[in-house]
Amino acid sequence: MLNDIQEVLYSEEELQAKVAELGAQLSVEYADKNPLVICVLKGAFIFMSDLVQNITVPLELDFMAVSSYGSSTKSSGVVKILKDLDVPVEGRHVIIVEDIIDSGLTLSYLIDVLERRNALSIAVVALFDKPKRRTVDLEPDYKGFTIPDEFVVGYGLDYAEKYRNLPFVGILKPEIYSH
Ligand SMILES: O=P(O)(O)OC[C@H]1O[C@H](OP(=O)(O)OP(=O)(O)O)[C@H](O)[C@@H]1O
Ligand code: HPA
Ligand SMILES: [Mg+2]
């Protein structure tokens, strides 16, 4: 598995430091708002887990599973809801937790769904932002790192369901997906 990594972009320590920073920021801005923190499965599961442990104010959480990549490094353009939320978002302050914003299609779809369900406010926290690949106009409200136009894996992020369990984030060798 390690042989498939071209370069480590962020170490475990760097990721933890950034997640702590984001958690501290959200703790200030969401004090007394009892936000509903939504994890976008599967990619965001590790980030979500670390992030909520760094938020010191009351919150509730829920999970939604969506997929558009399959076993490709390019978005299919079709976002499928594989698992919906368990609770209504109407009247709630919602925080969407994403591992990465690439084309932006997943998030623009999700934001649209949650707006139509009458969320009171919607904010996006994304650990990684790959602005070069954006096809829709979208910026996260809270962001970890801006990354180059490379396919990255680890810390929840996969290629064809592999590499999610790496504790760091690295660039996948192009030869892994280019044949
Ligand atoms: O901005 P976009 O181009 O839409 O890409 C970002 C989305 O793609 C990945 O999910 P994926 O569809 O691979 O599902 P997964 O989280 O289960 O890996 C990632 O976790 C984001 O949710
Ligand atoms: O760079 C990426 N890595 C893993 N999953 C992704 N989904 C969109 N972009 C990426
Ligand atoms: Mg994926």
# chains A, B, ... in the order shown; residues from 1 in each chain; ligands from 1
call {"tool": "residues_around", "arguments": {"residues": "stretch 85-94 of chain A", "least_positions_apart": "2", "cutoff": "8 Å", "atoms": "only C-alpha atoms", "output": "list in words"}}
result
Lys33, Asn34, Pro35, Leu36, Val37, Ile38, Asp62, Phe63, Met64, Lys83, Ile96, Leu114, Arg117, Asn118, Ala119, Leu120, Ser121, Ile122 and Ala123 of chain A
call {"tool": "residues_near_ligand", "arguments": {"ligand": "ligand 2", "cutoff": "8 Å", "atoms": "only C-alpha atoms and all ligand atoms", "output": "ChimeraX atom specification"}}
result
/A:43,69,73-75,100-103,130,149-153,157-159
call {"tool": "write_last_selection", "arguments": {"atoms": "C-alpha atoms", "output": "tab-separated table (two decimals), in the first residue's frame"}}
result
chain	number	residue	atom	x	y	z
A	43	GLY	CA	-14.55	9.89	2.64
A	69	TYR	CA	-16.49	8.67	-8.20
A	73	THR	CA	-10.29	9.52	-10.45
A	74	LYS	CA	-12.87	11.69	-12.28
A	75	SER	CA	-16.37	12.52	-11.09
A	100	ILE	CA	-12.38	17.16	-0.19
A	101	ILE	CA	-13.95	19.55	-2.68
A	102	ASP	CA	-12.81	18.71	-6.19
A	103	SER	CA	-15.28	19.47	-9.01
A	130	LYS	CA	-8.64	21.35	-5.04
A	149	ASP	CA	-4.44	19.04	-8.99
A	150	GLU	CA	-3.32	15.54	-7.99
A	151	PHE	CA	-5.34	12.53	-6.85
A	152	VAL	CA	-4.81	12.17	-3.11
A	153	VAL	CA	-5.56	9.27	-0.77
A	157	LEU	CA	-9.88	9.35	1.05
A	158	ASP	CA	-9.87	6.40	-1.33
A	159	TYR	CA	-9.06	5.25	-4.78
call {"tool": "atom_distance", "arguments": {"atom1": "atom CA of A:Thr106", "atom2": "atom 16 (O, counted along the ligand's line) of ligand 1"}}
result
9.5 Å
call {"tool": "closest_residue", "arguments": {"among": "A:Val97, A:Val136, A:Val52, A:Leu127", "to": "A:Glu14", "atoms": "only C-alpha atoms"}}
result
A:Leu127
call {"tool": "closest_residue", "arguments": {"among": "A:Thr146, A:Ser108, A:Asn165, A:Ser68", "to": "ligand 3", "atoms": "only C-alpha atoms and all ligand atoms"}}
result
A:Ser68
call {"tool": "residues_around", "arguments": {"residues": "A:Met48", "least_positions_apart": "4", "cutoff": "12 Å", "atoms": "only C-alpha atoms", "output": "PDB file with C-alpha atoms, in the first residue's frame"}}
result
ATOM      1  CA  GLN A  16      -4.212  16.718  13.677  1.00  0.00           C
ATOM      2  CA  VAL A  19      -8.238  19.686  12.639  1.00  0.00           C
ATOM      3  CA  ALA A  20      -7.713  21.105  16.144  1.00  0.00           C
ATOM      4  CA  LEU A  22     -10.844  24.080  12.725  1.00  0.00           C
ATOM      5  CA  GLY A  23     -12.533  22.598  15.805  1.00  0.00           C
ATOM      6  CA  VAL A  37     -22.975  18.224  12.001  1.00  0.00           C
ATOM      7  CA  ILE A  38     -23.357  16.099   8.874  1.00  0.00           C
ATOM      8  CA  CYS A  39     -20.643  13.680   7.807  1.00  0.00           C
ATOM      9  CA  VAL A  40     -20.521  12.985   4.074  1.00  0.00           C
ATOM     10  CA  LEU A  41     -19.654   9.291   3.891  1.00  0.00           C
ATOM     11  CA  LYS A  42     -17.509   7.581   3.227  1.00  0.00           C
ATOM     12  CA  GLY A  43     -14.552   9.888   2.635  1.00  0.00           C
ATOM     13  CA  ALA A  44     -15.162  12.260   5.572  1.00  0.00           C
ATOM     14  CA  VAL A  52     -16.088  16.637  16.541  1.00  0.00           C
ATOM     15  CA  GLN A  53     -13.679  15.656  19.326  1.00  0.00           C
ATOM     16  CA  ASN A  54     -12.166  19.133  18.907  1.00  0.00           C
ATOM     17  CA  ILE A  55     -15.507  20.938  19.128  1.00  0.00           C
ATOM     18  CA  LEU A  61     -24.406  14.533  14.357  1.00  0.00           C
ATOM     19  CA  ASP A  62     -25.784  12.585  11.481  1.00  0.00           C
ATOM     20  CA  PHE A  63     -24.485  10.785   8.403  1.00  0.00           C
ATOM     21  CA  ILE A  95     -22.450  22.055   9.210  1.00  0.00           C
ATOM     22  CA  ILE A  96     -21.521  19.804   6.276  1.00  0.00           C
ATOM     23  CA  VAL A  97     -18.236  17.984   6.864  1.00  0.00           C
ATOM     24  CA  GLU A  98     -16.406  17.010   3.660  1.00  0.00           C
ATOM     25  CA  ASP A  99     -12.980  15.496   3.180  1.00  0.00           C
ATOM     26  CA  VAL A 125     -16.075  22.610   6.386  1.00  0.00           C
ATOM     27  CA  ALA A 126     -13.696  20.865   3.997  1.00  0.00           C
ATOM     28  CA  LEU A 127     -10.304  19.500   4.928  1.00  0.00           C
ATOM     29  CA  TYR A 155      -7.150   9.800   6.099  1.00  0.00           C
ATOM     30  CA  GLY A 156     -10.509   8.589   4.723  1.00  0.00           C
TER      31      GLY A 156
END
call {"tool": "select_by_dssp", "arguments": {"residues": "chain A", "states": "alpha helix (DSSP H)", "output": "PyMOL selection string"}}
result
chain A and resi 12-29+45-52+105-116+174-177
call {"tool": "atom_distance", "arguments": {"atom1": "atom 15 (P, counted along the ligand's line) of ligand 1", "atom2": "atom CA of A:Leu15"}}
result
19.1 Å
call {"tool": "closest_residue", "arguments": {"among": "A:Leu82, A:Val8, A:Leu166, A:Leu59", "to": "A:Asp32", "atoms": "only C-alpha atoms"}}
result
A:Leu59
call {"tool": "closest_residue", "arguments": {"among": "A:Val113, A:Val66, A:Phe128, A:Pro174", "to": "ligand 1", "atoms": "only C-alpha atoms and all ligand atoms"}}
result
A:Val66
call {"tool": "closest_residue", "arguments": {"among": "A:Asp129, A:Glu175, A:Glu161, A:Asp112", "to": "A:Ile147", "atoms": "only C-alpha atoms"}}
result
A:Asp129
call {"tool": "atom_distance", "arguments": {"atom1": "atom CA of A:Gly70", "atom2": "atom CA of A:Tyr10"}}
result
24.4 Å
call {"tool": "closest_residue", "arguments": {"among": "A:Ala24, A:Ile171, A:Ile111, A:Ala160", "to": "ligand 3", "atoms": "only C-alpha atoms and all ligand atoms"}}
result
A:Ala160
call {"tool": "residues_around", "arguments": {"residues": "A:Leu105", "least_positions_apart": "5", "cutoff": "8 Å", "atoms": "only C-alpha atoms", "output": "list in words"}}
result
Gly77, Val79, Thr135 and Val136 of chain A
call {"tool": "write_last_selection", "arguments": {"atoms": "N, CA and C atoms", "output": "mmCIF file, in the first residue's frame"}}
result
data_model
loop_
_atom_site.group_PDB
_atom_site.id
_atom_site.type_symbol
_atom_site.label_atom_id
_atom_site.label_comp_id
_atom_site.auth_asym_id
_atom_site.auth_seq_id
_atom_site.Cartn_x
_atom_site.Cartn_y
_atom_site.Cartn_z
ATOM 1 N N GLY A 77 -20.176 12.813 -12.438
ATOM 2 C CA GLY A 77 -21.116 13.910 -12.647
ATOM 3 C C GLY A 77 -22.488 13.608 -12.087
ATOM 4 N N VAL A 79 -24.433 12.457 -8.777
ATOM 5 C CA VAL A 79 -24.296 12.244 -7.337
ATOM 6 C C VAL A 79 -25.471 11.386 -6.871
ATOM 7 N N THR A 135 -15.834 22.742 -11.294
ATOM 8 C CA THR A 135 -16.718 23.003 -12.437
ATOM 9 C C THR A 135 -17.949 23.791 -12.009
ATOM 10 N N VAL A 136 -18.166 23.923 -10.690
ATOM 11 C CA VAL A 136 -19.249 24.785 -10.207
ATOM 12 C C VAL A 136 -18.653 25.801 -9.232
#
call {"tool": "select_by_dssp", "arguments": {"residues": "stretch 30-145 of chain A", "states": "strand (DSSP E or B)", "output": "ChimeraX atom specification"}}
result
/A:36-41,60-67,80-83,90,93-101,119,121-129,142-145
